[in-house]
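What follows is model24.pdb (PDB, C-alpha atoms, pLDDT in the B column).
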```pdb
ATOM      1  CA  MET A   1     -72.837  17.587   1.183  1.00 53.00           C
ATOM      2  CA  ALA A   2     -71.852  21.281   0.985  1.00 54.00           C
ATOM      3  CA  LYS A   3     -71.267  21.428   4.732  1.00 53.00           C
ATOM      4  CA  THR A   4     -69.014  18.370   4.709  1.00 60.00           C
ATOM      5  CA  THR A   5     -66.910  19.750   1.840  1.00 64.00           C
ATOM      6  CA  ARG A   6     -66.541  23.111   3.596  1.00 64.00           C
ATOM      7  CA  SER A   7     -65.500  21.446   6.858  1.00 67.00           C
ATOM      8  CA  SER A   8     -62.907  19.291   5.052  1.00 68.00           C
ATOM      9  CA  ILE A   9     -61.518  22.363   3.249  1.00 67.00           C
ATOM     10  CA  ASN A  10     -61.266  24.256   6.541  1.00 68.00           C
ATOM     11  CA  PHE A  11     -59.478  21.304   8.134  1.00 67.00           C
ATOM     12  CA  ILE A  12     -56.915  21.083   5.291  1.00 73.00           C
ATOM     13  CA  THR A  13     -56.247  24.837   5.404  1.00 75.00           C
ATOM     14  CA  LYS A  14     -55.692  24.680   9.161  1.00 69.00           C
ATOM     15  CA  VAL A  15     -53.209  21.814   8.751  1.00 69.00           C
ATOM     16  CA  LEU A  16     -51.322  23.672   6.027  1.00 71.00           C
ATOM     17  CA  LEU A  17     -51.169  26.859   8.097  1.00 70.00           C
ATOM     18  CA  ILE A  18     -49.841  24.964  11.125  1.00 76.00           C
ATOM     19  CA  PHE A  19     -47.177  23.266   8.973  1.00 70.00           C
ATOM     20  CA  PHE A  20     -46.173  26.607   7.397  1.00 69.00           C
ATOM     21  CA  PHE A  21     -45.817  28.361  10.760  1.00 66.00           C
ATOM     22  CA  ASN A  22     -43.735  25.464  12.137  1.00 73.00           C
ATOM     23  CA  VAL A  23     -41.357  25.635   9.180  1.00 71.00           C
ATOM     24  CA  VAL A  24     -40.987  29.404   9.571  1.00 67.00           C
ATOM     25  CA  ASP A  25     -40.331  28.983  13.276  1.00 68.00           C
ATOM     26  CA  VAL A  26     -37.563  26.410  12.645  1.00 66.00           C
ATOM     27  CA  VAL A  27     -35.899  28.596  10.004  1.00 63.00           C
ATOM     28  CA  PHE A  28     -35.897  31.670  12.198  1.00 59.00           C
ATOM     29  CA  SER A  29     -34.572  29.686  15.176  1.00 63.00           C
ATOM     30  CA  GLU A  30     -31.669  28.381  13.071  1.00 62.00           C
ATOM     31  CA  MET A  31     -30.905  31.887  11.852  1.00 60.00           C
ATOM     32  CA  GLU A  32     -30.873  33.147  15.421  1.00 55.00           C
ATOM     33  CA  ASP A  33     -28.560  30.309  16.464  1.00 53.00           C
ATOM     34  CA  GLU A  34     -26.162  31.119  13.655  1.00 53.00           C
ATOM     35  CA  ALA A  35     -26.233  34.787  14.543  1.00 49.00           C
ATOM     36  CA  THR A  36     -25.573  34.127  18.213  1.00 52.00           C
ATOM     37  CA  ARG A  37     -23.001  31.352  17.568  1.00 64.00           C
ATOM     38  CA  GLU A  38     -19.425  32.432  18.132  1.00 83.00           C
ATOM     39  CA  LEU A  39     -17.190  32.204  15.085  1.00 89.00           C
ATOM     40  CA  TYR A  40     -13.423  31.684  15.000  1.00 92.00           C
ATOM     41  CA  ILE A  41     -10.437  32.109  12.696  1.00 92.00           C
ATOM     42  CA  ILE A  42      -8.165  29.399  11.263  1.00 93.00           C
ATOM     43  CA  GLU A  43      -4.734  30.694  10.344  1.00 94.00           C
ATOM     44  CA  GLY A  44      -1.392  29.365   9.205  1.00 94.00           C
ATOM     45  CA  LYS A  45       1.410  29.715   6.696  1.00 94.00           C
ATOM     46  CA  VAL A  46       2.356  27.803   3.552  1.00 93.00           C
ATOM     47  CA  THR A  47       5.951  27.542   2.356  1.00 89.00           C
ATOM     48  CA  LEU A  48       7.633  26.341  -0.840  1.00 85.00           C
ATOM     49  CA  PRO A  49      11.250  25.344  -1.548  1.00 81.00           C
ATOM     50  CA  ASP A  50      13.383  28.321  -2.523  1.00 75.00           C
ATOM     51  CA  SER A  51      14.378  26.715  -5.808  1.00 74.00           C
ATOM     52  CA  TYR A  52      10.739  26.457  -6.933  1.00 76.00           C
ATOM     53  CA  LEU A  53       9.481  29.872  -5.912  1.00 67.00           C
ATOM     54  CA  SER A  54       7.662  31.710  -8.693  1.00 72.00           C
ATOM     55  CA  ASN A  55       5.871  34.999  -8.982  1.00 72.00           C
ATOM     56  CA  ASN A  56       2.336  33.610  -9.022  1.00 81.00           C
ATOM     57  CA  TRP A  57       2.513  30.604  -6.697  1.00 85.00           C
ATOM     58  CA  GLN A  58       0.328  32.360  -4.096  1.00 87.00           C
ATOM     59  CA  SER A  59      -2.475  32.864  -6.614  1.00 88.00           C
ATOM     60  CA  LEU A  60      -2.316  29.194  -7.667  1.00 89.00           C
ATOM     61  CA  THR A  61      -2.567  27.886  -4.095  1.00 92.00           C
ATOM     62  CA  ARG A  62      -5.853  27.406  -2.247  1.00 93.00           C
ATOM     63  CA  ILE A  63      -6.649  26.440   1.343  1.00 94.00           C
ATOM     64  CA  LEU A  64      -9.537  23.979   1.596  1.00 94.00           C
ATOM     65  CA  VAL A  65     -11.353  23.324   4.866  1.00 94.00           C
ATOM     66  CA  ASN A  66     -13.377  20.086   4.905  1.00 92.00           C
ATOM     67  CA  GLY A  67     -12.995  19.640   1.163  1.00 89.00           C
ATOM     68  CA  GLY A  68     -14.124  23.172   0.258  1.00 89.00           C
ATOM     69  CA  ASP A  69     -16.754  24.096   2.870  1.00 91.00           C
ATOM     70  CA  TYR A  70     -14.499  27.047   3.684  1.00 93.00           C
ATOM     71  CA  LEU A  71     -11.991  28.492   1.234  1.00 92.00           C
ATOM     72  CA  GLY A  72      -8.870  30.522   1.934  1.00 93.00           C
ATOM     73  CA  TYR A  73      -6.278  32.381  -0.141  1.00 93.00           C
ATOM     74  CA  LEU A  74      -2.629  33.154   0.473  1.00 93.00           C
ATOM     75  CA  LYS A  75      -1.077  36.514   1.114  1.00 91.00           C
ATOM     76  CA  GLU A  76       2.244  37.613  -0.370  1.00 87.00           C
ATOM     77  CA  ASP A  77       4.219  36.084   2.512  1.00 88.00           C
ATOM     78  CA  GLY A  78       2.335  32.762   2.214  1.00 89.00           C
ATOM     79  CA  SER A  79       0.121  33.213   5.283  1.00 93.00           C
ATOM     80  CA  PHE A  80      -3.637  32.671   5.236  1.00 94.00           C
ATOM     81  CA  VAL A  81      -6.617  33.483   7.450  1.00 94.00           C
ATOM     82  CA  ILE A  82     -10.019  31.772   7.181  1.00 93.00           C
ATOM     83  CA  THR A  83     -12.779  33.610   9.066  1.00 92.00           C
ATOM     84  CA  GLY A  84     -16.290  32.704  10.094  1.00 90.00           C
ATOM     85  CA  VAL A  85     -15.555  29.154  11.252  1.00 92.00           C
ATOM     86  CA  PRO A  86     -17.685  27.793  14.132  1.00 91.00           C
ATOM     87  CA  SER A  87     -16.396  25.380  16.756  1.00 90.00           C
ATOM     88  CA  GLY A  88     -15.813  21.818  15.593  1.00 92.00           C
ATOM     89  CA  SER A  89     -13.270  19.563  13.905  1.00 92.00           C
ATOM     90  CA  TYR A  90     -11.953  20.482  10.461  1.00 94.00           C
ATOM     91  CA  VAL A  91      -9.438  19.058   7.977  1.00 94.00           C
ATOM     92  CA  VAL A  92      -7.269  21.773   6.432  1.00 95.00           C
ATOM     93  CA  GLU A  93      -5.661  20.957   3.072  1.00 94.00           C
ATOM     94  CA  VAL A  94      -3.381  22.878   0.731  1.00 94.00           C
ATOM     95  CA  SER A  95      -4.167  22.661  -2.983  1.00 93.00           C
ATOM     96  CA  ASN A  96      -1.151  23.455  -5.156  1.00 91.00           C
ATOM     97  CA  PRO A  97      -0.523  22.291  -8.737  1.00 89.00           C
ATOM     98  CA  ASP A  98       3.183  21.603  -8.175  1.00 88.00           C
ATOM     99  CA  PHE A  99       3.528  20.225  -4.626  1.00 91.00           C
ATOM    100  CA  ALA A 100       1.604  17.934  -2.292  1.00 92.00           C
ATOM    101  CA  TYR A 101       1.062  18.894   1.349  1.00 93.00           C
ATOM    102  CA  GLU A 102       0.112  16.801   4.343  1.00 92.00           C
ATOM    103  CA  PRO A 103      -3.378  17.658   5.638  1.00 93.00           C
ATOM    104  CA  VAL A 104      -3.847  18.873   9.196  1.00 93.00           C
ATOM    105  CA  ARG A 105      -6.869  18.446  11.445  1.00 93.00           C
ATOM    106  CA  VAL A 106      -7.803  21.533  13.477  1.00 94.00           C
ATOM    107  CA  GLU A 107     -10.122  21.101  16.446  1.00 93.00           C
ATOM    108  CA  ILE A 108     -11.878  24.103  18.005  1.00 92.00           C
ATOM    109  CA  ASN A 109     -13.772  23.593  21.249  1.00 91.00           C
ATOM    110  CA  SER A 110     -16.629  25.689  22.575  1.00 85.00           C
ATOM    111  CA  ARG A 111     -14.213  27.782  24.647  1.00 86.00           C
ATOM    112  CA  GLY A 112     -12.208  28.813  21.609  1.00 86.00           C
ATOM    113  CA  LYS A 113      -9.140  26.642  22.223  1.00 91.00           C
ATOM    114  CA  PHE A 114      -7.318  25.309  19.164  1.00 92.00           C
ATOM    115  CA  ARG A 115      -5.525  22.025  18.701  1.00 92.00           C
ATOM    116  CA  ALA A 116      -3.836  20.914  15.483  1.00 93.00           C
ATOM    117  CA  ARG A 117      -2.752  17.358  14.750  1.00 92.00           C
ATOM    118  CA  ARG A 118      -1.767  15.194  11.828  1.00 90.00           C
ATOM    119  CA  VAL A 119      -4.436  13.372   9.882  1.00 89.00           C
ATOM    120  CA  ASN A 120      -4.158   9.594  10.202  1.00 83.00           C
ATOM    121  CA  TYR A 121      -6.965   7.742   8.431  1.00 78.00           C
ATOM    122  CA  VAL A 122      -5.513   4.311   9.286  1.00 80.00           C
ATOM    123  CA  GLN A 123      -4.943   4.734  13.041  1.00 78.00           C
ATOM    124  CA  THR A 124      -7.460   7.351  14.068  1.00 74.00           C
ATOM    125  CA  SER A 125      -6.669   6.953  17.764  1.00 78.00           C
ATOM    126  CA  GLN A 126      -3.028   7.935  17.235  1.00 80.00           C
ATOM    127  CA  VAL A 127      -2.660  11.672  17.932  1.00 84.00           C
ATOM    128  CA  VAL A 128       0.451  13.550  16.772  1.00 88.00           C
ATOM    129  CA  GLN A 129       0.109  17.230  17.567  1.00 90.00           C
ATOM    130  CA  VAL A 130       1.587  19.978  15.401  1.00 91.00           C
ATOM    131  CA  PRO A 131       2.134  23.624  16.345  1.00 92.00           C
ATOM    132  CA  TYR A 132      -0.628  26.150  15.807  1.00 92.00           C
ATOM    133  CA  PRO A 133      -0.770  28.483  13.833  1.00 90.00           C
ATOM    134  CA  MET A 134       0.067  25.871  11.251  1.00 92.00           C
ATOM    135  CA  LYS A 135       3.272  25.844   9.200  1.00 92.00           C
ATOM    136  CA  MET A 136       2.563  23.698   6.183  1.00 91.00           C
ATOM    137  CA  ARG A 137       5.551  22.463   4.183  1.00 90.00           C
ATOM    138  CA  PRO A 138       5.520  20.408   0.968  1.00 91.00           C
ATOM    139  CA  VAL A 139       5.878  16.646   1.247  1.00 90.00           C
ATOM    140  CA  MET A 140       6.620  15.778  -2.373  1.00 89.00           C
ATOM    141  CA  LYS A 141       6.421  17.166  -5.889  1.00 88.00           C
ATOM    142  CA  HIS A 142       3.522  16.113  -8.074  1.00 87.00           C
ATOM    143  CA  ARG A 143       4.392  13.772 -10.930  1.00 85.00           C
ATOM    144  CA  TYR A 144       1.807  14.017 -13.667  1.00 84.00           C
ATOM    145  CA  PHE A 145       3.777  12.008 -16.240  1.00 86.00           C
ATOM    146  CA  GLN A 146       5.754   8.800 -15.993  1.00 82.00           C
ATOM    147  CA  VAL A 147       9.363   8.952 -17.116  1.00 79.00           C
ATOM    148  CA  ARG A 148       9.949   6.884 -20.227  1.00 82.00           C
ATOM    149  CA  GLU A 149      12.411   4.047 -19.711  1.00 80.00           C
ATOM    150  CA  GLN A 150      15.635   4.298 -21.691  1.00 82.00           C
ATOM    151  CA  TRP A 151      17.601   1.463 -23.237  1.00 81.00           C
ATOM    152  CA  ARG A 152      20.643   0.389 -21.214  1.00 83.00           C
ATOM    153  CA  VAL A 153      23.404  -2.128 -21.846  1.00 84.00           C
ATOM    154  CA  THR A 154      22.789  -3.833 -18.508  1.00 83.00           C
ATOM    155  CA  ASP A 155      19.220  -4.672 -19.560  1.00 80.00           C
ATOM    156  CA  PHE A 156      20.614  -6.554 -22.540  1.00 79.00           C
ATOM    157  CA  LEU A 157      23.359  -8.340 -20.579  1.00 79.00           C
ATOM    158  CA  PHE A 158      21.057  -9.487 -17.785  1.00 82.00           C
ATOM    159  CA  ASN A 159      18.424 -10.778 -20.155  1.00 84.00           C
ATOM    160  CA  PRO A 160      17.750 -14.468 -19.285  1.00 85.00           C
ATOM    161  CA  MET A 161      18.057 -15.584 -22.907  1.00 86.00           C
ATOM    162  CA  VAL A 162      21.420 -13.862 -23.267  1.00 82.00           C
ATOM    163  CA  LEU A 163      22.663 -15.422 -20.038  1.00 82.00           C
ATOM    164  CA  MET A 164      21.626 -18.884 -21.235  1.00 85.00           C
ATOM    165  CA  MET A 165      23.675 -18.383 -24.393  1.00 84.00           C
ATOM    166  CA  VAL A 166      26.733 -16.692 -22.901  1.00 83.00           C
ATOM    167  CA  LEU A 167      27.327 -18.745 -19.755  1.00 82.00           C
ATOM    168  CA  PRO A 168      27.833 -22.085 -21.534  1.00 83.00           C
ATOM    169  CA  LEU A 169      30.301 -20.449 -23.903  1.00 83.00           C
ATOM    170  CA  LEU A 170      32.236 -19.020 -20.995  1.00 81.00           C
ATOM    171  CA  LEU A 171      32.334 -22.418 -19.307  1.00 78.00           C
ATOM    172  CA  ILE A 172      33.569 -24.075 -22.503  1.00 80.00           C
ATOM    173  CA  MET A 173      36.324 -21.502 -22.841  1.00 80.00           C
ATOM    174  CA  VAL A 174      37.370 -21.321 -19.198  1.00 76.00           C
ATOM    175  CA  LEU A 175      37.203 -24.939 -18.010  1.00 72.00           C
ATOM    176  CA  PRO A 176      39.927 -26.329 -20.358  1.00 74.00           C
ATOM    177  CA  LYS A 177      42.324 -23.643 -19.264  1.00 72.00           C
ATOM    178  CA  MET A 178      41.572 -24.386 -15.633  1.00 68.00           C
ATOM    179  CA  MET A 179      42.176 -28.116 -16.168  1.00 68.00           C
ATOM    180  CA  ASN A 180      45.553 -27.451 -17.797  1.00 73.00           C
ATOM    181  CA  ASP A 181      46.692 -25.714 -14.640  1.00 72.00           C
ATOM    182  CA  PRO A 182      48.429 -28.331 -12.361  1.00 77.00           C
ATOM    183  CA  GLU A 183      47.258 -26.748  -9.129  1.00 78.00           C
ATOM    184  CA  THR A 184      43.623 -26.779 -10.135  1.00 73.00           C
ATOM    185  CA  ARG A 185      44.024 -30.365 -11.376  1.00 74.00           C
ATOM    186  CA  LYS A 186      45.341 -31.444  -7.978  1.00 78.00           C
ATOM    187  CA  GLU A 187      42.472 -29.724  -6.251  1.00 78.00           C
ATOM    188  CA  MET A 188      39.963 -31.483  -8.503  1.00 73.00           C
ATOM    189  CA  GLU A 189      41.601 -34.853  -7.829  1.00 77.00           C
ATOM    190  CA  GLN A 190      41.448 -34.232  -4.072  1.00 77.00           C
ATOM    191  CA  ILE A 191      37.783 -33.370  -4.321  1.00 74.00           C
ATOM    192  CA  ASN A 192      37.123 -36.547  -6.317  1.00 70.00           C
ATOM    193  CA  ASN A 193      38.976 -38.647  -3.729  1.00 72.00           C
ATOM    194  CA  LEU A 194      36.955 -37.138  -0.911  1.00 67.00           C
ATOM    195  CA  THR A 195      33.659 -37.799  -2.665  1.00 61.00           C
ATOM    196  CA  LYS A 196      34.611 -41.322  -3.771  1.00 58.00           C
ATOM    197  CA  TYR A 197      33.112 -44.173  -1.731  1.00 56.00           C
ATOM    198  CA  ASP A 198      33.482 -47.986  -2.058  1.00 59.00           C
ATOM    199  CA  MET A 199      29.935 -48.574  -3.105  1.00 59.00           C
ATOM    200  CA  PRO A 200      28.954 -51.918  -4.705  1.00 60.00           C
ATOM    201  CA  GLU A 201      27.589 -51.908  -8.170  1.00 64.00           C
ATOM    202  CA  MET A 202      23.849 -52.064  -8.640  1.00 64.00           C
ATOM    203  CA  SER A 203      24.078 -55.205 -10.837  1.00 69.00           C
ATOM    204  CA  GLU A 204      25.894 -57.140  -8.092  1.00 73.00           C
ATOM    205  CA  VAL A 205      23.327 -56.090  -5.504  1.00 68.00           C
ATOM    206  CA  LEU A 206      20.433 -57.216  -7.703  1.00 72.00           C
ATOM    207  CA  THR A 207      22.021 -60.589  -8.601  1.00 77.00           C
ATOM    208  CA  SER A 208      22.796 -61.390  -4.967  1.00 77.00           C
ATOM    209  CA  PHE A 209      19.276 -60.427  -3.917  1.00 72.00           C
ATOM    210  CA  PHE A 210      17.538 -62.573  -6.518  1.00 72.00           C
ATOM    211  CA  ALA A 211      19.959 -65.500  -6.008  1.00 74.00           C
ATOM    212  CA  GLY A 212      19.170 -65.605  -2.276  1.00 64.00           C
ATOM    213  CA  GLY A 213      15.430 -65.617  -2.963  1.00 55.00           C
ATOM    214  CA  GLU A 214      15.684 -68.544  -5.353  1.00 54.00           C
ATOM    215  CA  LYS A 215      17.697 -70.650  -2.835  1.00 51.00           C
ATOM    216  CA  GLN A 216      15.035 -70.111  -0.184  1.00 54.00           C
ATOM    217  CA  ARG A 217      12.298 -71.163  -2.594  1.00 54.00           C
ATOM    218  CA  GLY A 218      14.280 -74.288  -3.645  1.00 54.00           C
ATOM    219  CA  GLY A 219      14.750 -75.409  -0.042  1.00 52.00           C
ATOM    220  CA  GLY A 220      11.047 -75.068   0.653  1.00 50.00           C
ATOM    221  CA  GLY A 221      10.131 -77.102  -2.438  1.00 49.00           C
ATOM    222  CA  GLY A 222      12.496 -80.021  -1.531  1.00 48.00           C
ATOM    223  CA  GLY A 223      10.977 -80.395   1.945  1.00 47.00           C
ATOM    224  CA  GLY A 224       7.496 -80.676   0.476  1.00 48.00           C
ATOM    225  CA  SER A 225       8.461 -83.420  -2.024  1.00 48.00           C
ATOM    226  CA  GLY A 226      10.176 -85.452   0.760  1.00 48.00           C
ATOM    227  CA  ALA A 227       7.041 -85.361   2.887  1.00 47.00           C
ATOM    228  CA  ARG A 228       4.954 -86.540  -0.046  1.00 50.00           C
ATOM    229  CA  ALA A 229       7.359 -89.501  -0.705  1.00 46.00           C
ATOM    230  CA  MET A 230       7.110 -90.591   2.961  1.00 49.00           C
ATOM    231  CA  LYS A 231       3.298 -90.589   2.798  1.00 48.00           C
ATOM    232  CA  ALA A 232       3.328 -92.671  -0.429  1.00 46.00           C
ATOM    233  CA  GLY A 233       5.667 -95.295   1.148  1.00 49.00           C
ATOM    234  CA  LYS A 234       3.418 -95.683   4.177  1.00 46.00           C
ATOM    235  CA  LYS A 235       0.379 -96.319   1.989  1.00 46.00           C
ATOM    236  CA  ARG A 236       2.154 -99.021   0.010  1.00 48.00           C
ATOM    237  CA  GLN A 237       3.105-100.852   3.194  1.00 47.00           C
TER     238      GLN A 237
END
```

Could you write out this file's structure as structure tokens?
Amino acid sequence: MAKTTRSSINFITKVLLIFFFNVVDVVFSEMEDEATRELYIIEGKVTLPDSYLSNNWQSLTRILVNGGDYLGYLKEDGSFVITGVPSGSYVVEVSNPDFAYEPVRVEINSRGKFRARRVNYVQTSQVVQVPYPMKMRPVMKHRYFQVREQWRVTDFLFNPMVLMMVLPLLLIMVLPKMMNDPETRKEMEQINNLTKYDMPEMSEVLTSFFAGGEKQRGGGGGGGSGARAMKAGKKRQ
């Protein structure tokens, strides 16, 4: 029993040592790759409208690469330089409390060539290149609060309930005056003459229809009684 326990302990220690040395080998290989990997610089310039320039806008602005994997700060002239960036594709964003900026995608190939283009999350295949080093301008001003609506006279006048009350009154006041005018009266008479047709009354149409139906039924009934009378006469003979 003692030999079996010793052999199992030796086996477990060997497995653990092999696992430990493999982990150390992987870590050191990654460190060597990072040390030998060539790093690049992302640079550009951020601008603000002249009317909104303040003394501390550079300190309030940050440059975020891939959501904060790399962070950059602005110089006094608004330019920025982000160092230690390996080759790949990165989204560069400007974080400012007052203005919103359009993000830019920067692609760095293994040869160190840069290409900047607009970020389009809807149509990813559409490529619109922008100049590099980047010149990032504000798109719009942030609105943190909604402007409170103010009362206006037009809101009251165009209210549906007000229109339903006012329009009939206007018609009552305006139509009599229009009818007193001879020219408008002539025009109304002409319109009535044009729209007037010699249509028969509905009562006459109904009476004629029902009267015709009754005549047809009466004729059919007389023929049947005549045939019956002829048959009765033949039987008597």

Next item on the list: Write out as a list in words the residues lying within 8 Å of Ser79 (chain A), counting only C-alpha atoms and excluding same-chain residues fewer than 2 positions away.
Entry: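 Non-adjacent residues within range: Glu43, Gly44, Lys45, Val46, Leu74, Lys75, Glu76, Asp77 and Val81 of chain A.
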
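Distance-wise, CA of Asn193 (chain A) and CA of Leu169 (chain A) end up 28.5 Å apart.
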
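Interatomic distance, CA of Val94 (chain A) to CA of Ile82 (chain A): 12.8 Å.
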
Notebook entry, point to check: Which one of A:Lys141, A:Arg185, A:Arg117, A:Arg148 sits closest to Tyr52 (chain A) if you count only C-alpha atoms?
Noted result: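 For Tyr52 (chain A), the nearest of the given residues is A:Lys141.
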
Checklist line | Hits of the PyMOL selection byres ((chain A and resi 86-90) around 9) in this structure, as a VMD selection string | finding: chain A and resid 37 to 41 65 to 66 84 to 85 91 to 92 104 to 112

Store the residues picked out above, limited to C-alpha atoms, as a compact mmCIF listing (two decimals), in the coordinates of the input.
```txt
# COMPACT_ATOMS: atom_id res chain seq x y z
CA ARG A 37 -23.00 31.35 17.57
CA GLU A 38 -19.42 32.43 18.13
CA LEU A 39 -17.19 32.20 15.08
CA TYR A 40 -13.42 31.68 15.00
CA ILE A 41 -10.44 32.11 12.70
CA VAL A 65 -11.35 23.32 4.87
CA ASN A 66 -13.38 20.09 4.90
CA GLY A 84 -16.29 32.70 10.09
CA VAL A 85 -15.56 29.15 11.25
CA VAL A 91 -9.44 19.06 7.98
CA VAL A 92 -7.27 21.77 6.43
CA VAL A 104 -3.85 18.87 9.20
CA ARG A 105 -6.87 18.45 11.44
CA VAL A 106 -7.80 21.53 13.48
CA GLU A 107 -10.12 21.10 16.45
CA ILE A 108 -11.88 24.10 18.00
CA ASN A 109 -13.77 23.59 21.25
CA SER A 110 -16.63 25.69 22.58
CA ARG A 111 -14.21 27.78 24.65
CA GLY A 112 -12.21 28.81 21.61
```

Checklist line | For CA of Pro133 (chain A) and CA of Asp98 (chain A), the interatomic separation in Å (one decimal) | finding: 23.4 Å

Next item on the list: Run the PyMOL selection byres ((chain A and resi 95) around 12) against the file shown and list the residues it catches, as a ChimeraX atom specification.
Entry: /A:46,57-65,67-68,71-74,92-94,96-103,136,138,142

With 4 Å on each side, where is the centre of the axis-aligned box around all listed atoms of region 168-183 of chain A, and how long are its edges in Å to one decimal, as AutoDock Vina command-line options?
```
--center_x 38.1 --center_y -23.7 --center_z -16.5 --size_x 28.6 --size_y 17.3 --size_z 22.8
```

Next item on the list: Give the answer as one residue: which of A:Leu206, A:Val162, A:Asn120, A:Thr47 has the shortest atom-to-atom distance to Val139 (chain A), using all atoms listed in the file?
Entry: A:Thr47

Next item on the list: Would you mind telling me which residue in A:Thr13, A:Gln129, A:Gln150, A:Asn22 lies nearest to Arg115 (chain A) when using only C-alpha atoms?
Entry: A:Gln129

Regenerate region 132-146 of chain A at the level of N, CA and C atoms and dump it as a PDB file, in the frame of the given file.
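In the end it all went to out29.pdb:
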```pdb
ATOM      1  N   TYR A 132       0.403  25.272  16.358  1.00 92.00           N
ATOM      2  CA  TYR A 132      -0.628  26.150  15.807  1.00 92.00           C
ATOM      3  C   TYR A 132      -0.265  27.587  16.163  1.00 92.00           C
ATOM      4  N   PRO A 133      -0.355  28.544  15.234  1.00 90.00           N
ATOM      5  CA  PRO A 133      -0.770  28.483  13.833  1.00 90.00           C
ATOM      6  C   PRO A 133       0.079  27.529  13.002  1.00 90.00           C
ATOM      7  N   MET A 134      -0.551  26.941  12.018  1.00 92.00           N
ATOM      8  CA  MET A 134       0.067  25.871  11.251  1.00 92.00           C
ATOM      9  C   MET A 134       1.157  26.405  10.326  1.00 92.00           C
ATOM     10  N   LYS A 135       2.204  25.587  10.167  1.00 92.00           N
ATOM     11  CA  LYS A 135       3.272  25.844   9.200  1.00 92.00           C
ATOM     12  C   LYS A 135       3.321  24.638   8.262  1.00 92.00           C
ATOM     13  N   MET A 136       2.757  24.808   7.108  1.00 91.00           N
ATOM     14  CA  MET A 136       2.563  23.698   6.183  1.00 91.00           C
ATOM     15  C   MET A 136       3.666  23.714   5.129  1.00 91.00           C
ATOM     16  N   ARG A 137       4.427  22.609   5.114  1.00 90.00           N
ATOM     17  CA  ARG A 137       5.551  22.463   4.183  1.00 90.00           C
ATOM     18  C   ARG A 137       5.243  21.352   3.189  1.00 90.00           C
ATOM     19  N   PRO A 138       5.816  21.425   1.984  1.00 91.00           N
ATOM     20  CA  PRO A 138       5.520  20.408   0.968  1.00 91.00           C
ATOM     21  C   PRO A 138       6.135  19.060   1.326  1.00 91.00           C
ATOM     22  N   VAL A 139       5.414  18.007   0.997  1.00 90.00           N
ATOM     23  CA  VAL A 139       5.878  16.646   1.247  1.00 90.00           C
ATOM     24  C   VAL A 139       6.601  16.091   0.025  1.00 90.00           C
ATOM     25  N   MET A 140       6.043  16.294  -1.143  1.00 89.00           N
ATOM     26  CA  MET A 140       6.620  15.778  -2.373  1.00 89.00           C
ATOM     27  C   MET A 140       6.126  16.624  -3.537  1.00 89.00           C
ATOM     28  N   LYS A 141       6.806  16.462  -4.660  1.00 88.00           N
ATOM     29  CA  LYS A 141       6.421  17.166  -5.889  1.00 88.00           C
ATOM     30  C   LYS A 141       5.496  16.268  -6.708  1.00 88.00           C
ATOM     31  N   HIS A 142       4.469  16.873  -7.259  1.00 87.00           N
ATOM     32  CA  HIS A 142       3.522  16.113  -8.074  1.00 87.00           C
ATOM     33  C   HIS A 142       4.210  15.613  -9.337  1.00 87.00           C
ATOM     34  N   ARG A 143       3.899  14.360  -9.689  1.00 85.00           N
ATOM     35  CA  ARG A 143       4.392  13.772 -10.930  1.00 85.00           C
ATOM     36  C   ARG A 143       3.187  13.418 -11.795  1.00 85.00           C
ATOM     37  N   TYR A 144       2.958  14.224 -12.797  1.00 84.00           N
ATOM     38  CA  TYR A 144       1.807  14.017 -13.667  1.00 84.00           C
ATOM     39  C   TYR A 144       2.106  13.049 -14.807  1.00 84.00           C
ATOM     40  N   PHE A 145       3.390  12.875 -15.136  1.00 86.00           N
ATOM     41  CA  PHE A 145       3.777  12.008 -16.240  1.00 86.00           C
ATOM     42  C   PHE A 145       4.820  11.015 -15.749  1.00 86.00           C
ATOM     43  N   GLN A 146       4.782   9.833 -16.317  1.00 82.00           N
ATOM     44  CA  GLN A 146       5.754   8.800 -15.993  1.00 82.00           C
ATOM     45  C   GLN A 146       6.953   8.913 -16.925  1.00 82.00           C
TER      46      GLN A 146
END
```
